[in-house]
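Reading through the structure tokens given below for one structure.
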Amino acid sequence: MSCASDKQAAGQEEEEWVSLFNGKDLNDWVVKINRHELGDNFGNTFRVEDGLLKVRYDQYPEFNERFGHLYYKQPFSHYHLVVEYRFADKWREDAPSYTQLNSGIMFHSQDPKTMPRDQDWPISIEYQLLASLGDGKERPTGNMCSPGTEVIYNGEMDPRHCINSTSKTYAPDEWVRAELIVLGDSLITHLVNGDTVLQYSKPQIGGGVVNNFDPAQKQDGKLLRQGFIALQSEGQPIDFRKVEIKNLQK
């Protein structure tokens, strides 16, 4: 192949990646915060400043279980997702204690339009984001959590709500590259800074944790072949500088 062809092929490869976050605004995203109607970005929770997508709570009089999610406007099925994040600012102490230096990327999520006003989390799979609490204990990131869902791990249905990855523990202010390779209702792979840290399969509706959902949306045993992608807000400020996706659908 000629050099020109090589460059053309490389250009086509690069063009396959699409930025979901444009660094300017959230026009392609939809907000759903617990205790609020769809589209109500209470307290300017999700905002764009300095080219970053920021999650903040400085305009909250109280947290009041306002777990929120920022959804990209369309669902995806087979894809490679890259998100670069860092934790920022002080955790809200009136949020649940487990939310400290804790956030997430929800995927294979139900459509936010199907969520009642007071539903806390979407029926979805979560790529959990964690950082060190400074207590010397390991706290890996890139874990799997399952609000209203279940997965097959090591060949069998795993009853745990969260399954830890094999990633190392990162400092709160460190930029981390989180990657997801999702193949519909088949194999799902979590990567952290280029290393594979967790794999599982057969994501499906089931289990607990989600509250105040529409029963019609929770069809236990239904395999999840596609769904929406969302960035989480649950009491811990966080920054995102990149959200990119490559479609793997053939």
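Residues are referred to by chain and number: the chain letter is A, B, ... according to the order shown in the structure tokens, the number counts from 1 in that chain, and ligands are numbered separately from 1 in the order shown.
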
Residue neighbourhood Leu130 in chain A, 9 Å, only C-alpha atoms, exclusion window fewer than 3 positions, as a ChimeraX atom specification: /A:87,100-104,139-143,169-170,172

Let me see the file: selected residues, C-alpha atoms, as a PDB file, in the first residue's frame.
ATOM      1  CA  PHE A  87     -12.573  14.096  40.816  1.00  0.00           C
ATOM      2  CA  GLN A 100     -17.524  10.201  48.460  1.00  0.00           C
ATOM      3  CA  LEU A 101     -15.032  10.152  45.560  1.00  0.00           C
ATOM      4  CA  ASN A 102     -17.570   7.992  43.734  1.00  0.00           C
ATOM      5  CA  SER A 103     -19.295   8.556  40.410  1.00  0.00           C
ATOM      6  CA  GLY A 104     -20.137   6.505  37.359  1.00  0.00           C
ATOM      7  CA  ARG A 139     -10.054   1.291  46.061  1.00  0.00           C
ATOM      8  CA  PRO A 140     -10.006   0.237  42.410  1.00  0.00           C
ATOM      9  CA  THR A 141     -11.890   2.132  39.728  1.00  0.00           C
ATOM     10  CA  GLY A 142     -13.667   0.704  36.692  1.00  0.00           C
ATOM     11  CA  ASN A 143     -15.874  -1.594  38.770  1.00  0.00           C
ATOM     12  CA  THR A 169      -6.070   2.916  43.168  1.00  0.00           C
ATOM     13  CA  TYR A 170      -5.867   6.447  41.786  1.00  0.00           C
ATOM     14  CA  PRO A 172      -8.706  12.029  43.336  1.00  0.00           C
TER      15      PRO A 172
END

### Contacts of Trp29 in chain A within 8 Å, only C-alpha atoms, excl. fewer than 4 positions in-chain, as a PyMOL selection string
chain A and resi 70-73

For the residues selected in the previous step, produce a file with N, CA, C and O atoms as a compact mmCIF listing (two decimals), in the first residue's frame.
# COMPACT_ATOMS: atom_id res chain seq x y z
N LEU A 70 -26.84 12.52 33.36
CA LEU A 70 -26.82 13.30 32.13
C LEU A 70 -26.70 12.32 30.96
O LEU A 70 -25.68 11.67 30.79
N TYR A 71 -27.77 12.22 30.16
CA TYR A 71 -27.87 11.20 29.11
C TYR A 71 -27.53 11.78 27.74
O TYR A 71 -28.02 12.85 27.37
N TYR A 72 -26.74 11.02 26.98
CA TYR A 72 -26.57 11.40 25.58
C TYR A 72 -27.89 11.10 24.87
O TYR A 72 -28.65 10.23 25.28
N LYS A 73 -28.16 11.84 23.82
CA LYS A 73 -29.49 11.87 23.21
C LYS A 73 -29.94 10.60 22.50
O LYS A 73 -31.14 10.46 22.23

(Q) So that I can check the secondary structure, give me every residue of range 11-245 of chain A assigned helix (DSSP H, G or I) by backbone DSSP, as an MDAnalysis selection string. (A) chainID A and resid 11:15 42:44 97:99 112:114 215:217

| query | Near range 119-121 of chain A, within 8 Å and counting only C-alpha atoms, which residues show up once chain neighbours fewer than 4 positions away are dropped, as a list in words? | reply |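 Final neighbour list, sorted by chain and number: Ile33, Asn34, Arg35, Glu65, Arg66, Phe67, Gly68, Met115, Pro147, Val210, Asn211, Asn212 and Phe213 of chain A.
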
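With only C-alpha atoms as the atoms that count, the minimum distance from Ala131 in chain A to the choices A:Leu20, A:Leu223, A:Val31, A:Ile238 is reached by A:Ile238.
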
* To do: Find the spatial neighbours of Pro159 in chain A, counting only C-alpha atoms, within a cut-off of 10 Å - ignore same-chain residues fewer than 4 positions away - and output them as a list in words.
  => Ser146, Glu150, Val151, Ile152, Tyr153, Ile163 and Gly207 of chain A

Limited to C-alpha atoms, could you put the picked residues into a file as an mmCIF file, in the first residue's frame?
data_model
loop_
_atom_site.group_PDB
_atom_site.id
_atom_site.type_symbol
_atom_site.label_atom_id
_atom_site.label_comp_id
_atom_site.auth_asym_id
_atom_site.auth_seq_id
_atom_site.Cartn_x
_atom_site.Cartn_y
_atom_site.Cartn_z
ATOM 1 C CA SER A 146 -25.917 -3.179 38.570
ATOM 2 C CA GLU A 150 -27.609 -8.590 36.604
ATOM 3 C CA VAL A 151 -24.629 -9.994 34.689
ATOM 4 C CA ILE A 152 -22.833 -13.269 34.098
ATOM 5 C CA TYR A 153 -19.362 -13.182 35.700
ATOM 6 C CA ILE A 163 -17.952 -6.406 41.196
ATOM 7 C CA GLY A 207 -32.089 -7.608 40.883
#

To one decimal place in Å, what is the distance between CA of Ile205 in chain A and CA of Asn164 in chain A?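 Rounded to one decimal, the two atoms are 20.0 Å apart.
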
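With only C-alpha atoms as the atoms that count, the minimum distance from Pro203 in chain A to the choices A:Glu156, A:Ile125, A:Gly136, A:Gln232 is reached by A:Ile125.
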
Taking the DSSP secondary structure from the backbone, can you list the residues of range 159-214 of chain A that are strand (DSSP E or B), as a list in words?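 In range 159-214 of chain A, DSSP puts these residues in strand (DSSP E or B): Cys162, Ile163, Val176, Arg177, Ala178, Glu179, Leu180, Ile181, Val182, Leu183, Leu187, Ile188, Thr189, His190, Leu191, Val192, Asp195, Thr196, Val197, Leu198, Gln199, Tyr200, Ser201, Lys202, Pro203, Gln204 and Ile205 of chain A.
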
What does the file look like for those residues with N, CA and C atoms, as a short mmCIF file (atom, residue, chain, number, x, y, z; two decimals), in the first residue's frame?
data_model
loop_
_atom_site.label_atom_id
_atom_site.label_comp_id
_atom_site.auth_asym_id
_atom_site.auth_seq_id
_atom_site.Cartn_x
_atom_site.Cartn_y
_atom_site.Cartn_z
N CYS A 162 -22.10 -4.85 43.13
CA CYS A 162 -20.88 -4.34 42.50
C CYS A 162 -19.80 -5.42 42.47
N ILE A 163 -19.08 -5.48 41.37
CA ILE A 163 -17.95 -6.41 41.20
C ILE A 163 -16.71 -5.56 40.98
N VAL A 176 -7.91 10.14 34.69
CA VAL A 176 -7.95 8.70 34.43
C VAL A 176 -8.73 8.45 33.14
N ARG A 177 -8.23 7.52 32.33
CA ARG A 177 -8.89 7.15 31.08
C ARG A 177 -9.72 5.88 31.31
N ALA A 178 -11.02 6.03 31.26
CA ALA A 178 -11.94 4.91 31.43
C ALA A 178 -12.47 4.49 30.07
N GLU A 179 -12.41 3.19 29.78
CA GLU A 179 -12.88 2.70 28.49
C GLU A 179 -13.84 1.53 28.68
N LEU A 180 -14.82 1.48 27.79
CA LEU A 180 -15.80 0.41 27.76
C LEU A 180 -15.88 -0.15 26.34
N ILE A 181 -15.79 -1.45 26.21
CA ILE A 181 -16.06 -2.09 24.92
C ILE A 181 -17.31 -2.94 25.13
N VAL A 182 -18.38 -2.53 24.49
CA VAL A 182 -19.69 -3.15 24.69
C VAL A 182 -20.14 -3.83 23.40
N LEU A 183 -20.42 -5.12 23.48
CA LEU A 183 -20.86 -5.88 22.31
C LEU A 183 -22.29 -6.35 22.52
N LEU A 187 -20.37 -9.79 25.24
CA LEU A 187 -19.24 -9.49 26.12
C LEU A 187 -19.10 -7.99 26.38
N ILE A 188 -18.80 -7.65 27.63
CA ILE A 188 -18.51 -6.26 28.01
C ILE A 188 -17.15 -6.23 28.70
N THR A 189 -16.30 -5.30 28.28
CA THR A 189 -14.94 -5.19 28.80
C THR A 189 -14.70 -3.79 29.37
N HIS A 190 -14.16 -3.74 30.58
CA HIS A 190 -13.76 -2.47 31.20
C HIS A 190 -12.25 -2.33 31.09
N LEU A 191 -11.78 -1.15 30.70
CA LEU A 191 -10.36 -0.85 30.68
C LEU A 191 -10.10 0.42 31.48
N VAL A 192 -8.95 0.48 32.14
CA VAL A 192 -8.52 1.67 32.87
C VAL A 192 -7.09 1.99 32.43
N ASP A 195 -5.43 -0.74 30.33
CA ASP A 195 -5.37 -2.12 30.82
C ASP A 195 -6.77 -2.69 31.01
N THR A 196 -6.98 -3.93 30.55
CA THR A 196 -8.25 -4.61 30.79
C THR A 196 -8.33 -4.97 32.27
N VAL A 197 -9.43 -4.54 32.93
CA VAL A 197 -9.54 -4.73 34.38
C VAL A 197 -10.78 -5.54 34.78
N LEU A 198 -11.70 -5.78 33.84
CA LEU A 198 -12.92 -6.52 34.17
C LEU A 198 -13.63 -6.93 32.89
N GLN A 199 -14.18 -8.16 32.89
CA GLN A 199 -15.01 -8.63 31.78
C GLN A 199 -16.18 -9.43 32.33
N TYR A 200 -17.32 -9.28 31.67
CA TYR A 200 -18.51 -10.04 32.03
C TYR A 200 -19.43 -10.08 30.81
N SER A 201 -20.56 -10.76 30.92
CA SER A 201 -21.40 -10.93 29.75
C SER A 201 -22.88 -11.01 30.14
N LYS A 202 -23.73 -11.11 29.14
CA LYS A 202 -25.17 -11.29 29.28
C LYS A 202 -25.81 -10.26 30.24
N PRO A 203 -25.60 -8.97 30.02
CA PRO A 203 -26.27 -7.98 30.85
C PRO A 203 -27.78 -8.10 30.68
N GLN A 204 -28.50 -8.07 31.78
CA GLN A 204 -29.94 -8.27 31.71
C GLN A 204 -30.64 -7.57 32.87
N ILE A 205 -31.92 -7.33 32.69
CA ILE A 205 -32.71 -6.70 33.73
C ILE A 205 -32.96 -7.71 34.86
#

Neighbours of Glu62 in chain A within 12 Å (only C-alpha atoms; same-chain residues fewer than 2 positions away dropped), as a VMD selection string? chain A and resid 42 to 43 57 to 60 64 to 66 92 to 95 235

Using only N, CA and C atoms, please write the residues we just selected to a file, as a short mmCIF file (atom, residue, chain, number, x, y, z; two decimals), in the first residue's frame.
data_model
loop_
_atom_site.label_atom_id
_atom_site.label_comp_id
_atom_site.auth_asym_id
_atom_site.auth_seq_id
_atom_site.Cartn_x
_atom_site.Cartn_y
_atom_site.Cartn_z
N PHE A 42 -31.41 20.96 37.76
CA PHE A 42 -31.50 21.64 39.05
C PHE A 42 -30.12 22.10 39.53
N GLY A 43 -30.06 23.35 40.00
CA GLY A 43 -28.82 23.87 40.56
C GLY A 43 -27.66 23.92 39.58
N TYR A 57 -22.38 20.97 42.86
CA TYR A 57 -23.53 21.05 43.76
C TYR A 57 -23.54 22.35 44.56
N ASP A 58 -22.79 23.35 44.11
CA ASP A 58 -22.64 24.59 44.87
C ASP A 58 -23.92 25.41 44.94
N GLN A 59 -24.92 25.09 44.11
CA GLN A 59 -26.20 25.81 44.15
C GLN A 59 -27.29 24.99 44.82
N TYR A 60 -26.92 23.89 45.49
CA TYR A 60 -27.88 23.05 46.20
C TYR A 60 -28.06 23.56 47.64
N ASN A 64 -30.57 16.09 49.43
CA ASN A 64 -31.92 15.52 49.40
C ASN A 64 -32.07 14.39 48.37
N GLU A 65 -31.07 13.52 48.32
CA GLU A 65 -31.10 12.35 47.43
C GLU A 65 -31.34 12.73 45.97
N ARG A 66 -30.81 13.84 45.57
CA ARG A 66 -30.95 14.25 44.17
C ARG A 66 -29.89 13.56 43.30
N ARG A 92 -20.15 16.56 48.89
CA ARG A 92 -21.25 17.08 49.72
C ARG A 92 -21.47 16.15 50.89
N GLU A 93 -21.28 16.64 52.08
CA GLU A 93 -21.35 15.79 53.26
C GLU A 93 -22.78 15.38 53.62
N ASP A 94 -23.79 16.02 53.00
CA ASP A 94 -25.16 15.58 53.25
C ASP A 94 -25.63 14.56 52.21
N ALA A 95 -24.73 14.12 51.35
CA ALA A 95 -25.00 13.00 50.44
C ALA A 95 -24.64 11.71 51.18
N GLY A 235 -23.41 13.39 44.41
CA GLY A 235 -22.88 14.08 45.57
C GLY A 235 -21.41 14.43 45.52
#

> Looking at only C-alpha atoms, which of A:Asp28, A:Glu174, A:Asp239, A:Glu244 is the one that sits closest to Val48 in chain A?
Replying inline: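 Of the candidates, the smallest distance to Val48 in chain A is held by A:Asp239.
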
Exercise. Residues at most 9 Å from Glu37 in chain A, counting only C-alpha atoms, excluding those fewer than 5 positions away in the same chain, as JSON, numbers by chain?
Worked result: {"A": [31, 32, 116, 117, 118]}

Export of the given selection (N, CA and C atoms) as a short mmCIF file (atom, residue, chain, number, x, y, z; two decimals), in the first residue's frame:
data_model
loop_
_atom_site.label_atom_id
_atom_site.label_comp_id
_atom_site.auth_asym_id
_atom_site.auth_seq_id
_atom_site.Cartn_x
_atom_site.Cartn_y
_atom_site.Cartn_z
N VAL A 31 -30.89 15.91 30.87
CA VAL A 31 -30.71 15.75 32.32
C VAL A 31 -31.94 15.09 32.95
N LYS A 32 -31.69 14.13 33.84
CA LYS A 32 -32.77 13.60 34.69
C LYS A 32 -32.23 13.47 36.11
N PRO A 116 -39.98 7.68 36.07
CA PRO A 116 -40.83 8.57 36.86
C PRO A 116 -40.01 9.65 37.56
N ARG A 117 -40.67 10.70 37.99
CA ARG A 117 -40.01 11.85 38.64
C ARG A 117 -39.14 11.42 39.81
N ASP A 118 -39.58 10.46 40.61
CA ASP A 118 -38.89 10.09 41.84
C ASP A 118 -38.11 8.77 41.74
#

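Of the residues listed (A:Asn22, A:His69, A:Arg225, A:His78), A:His69 shows the shortest atom-to-atom separation from Asn41 in chain A; distances use only C-alpha atoms.
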
Using only C-alpha atoms, the residue out of A:Leu38, A:Val18, A:Met157, A:Ile245 with shortest distance to Gly221 in chain A is A:Met157
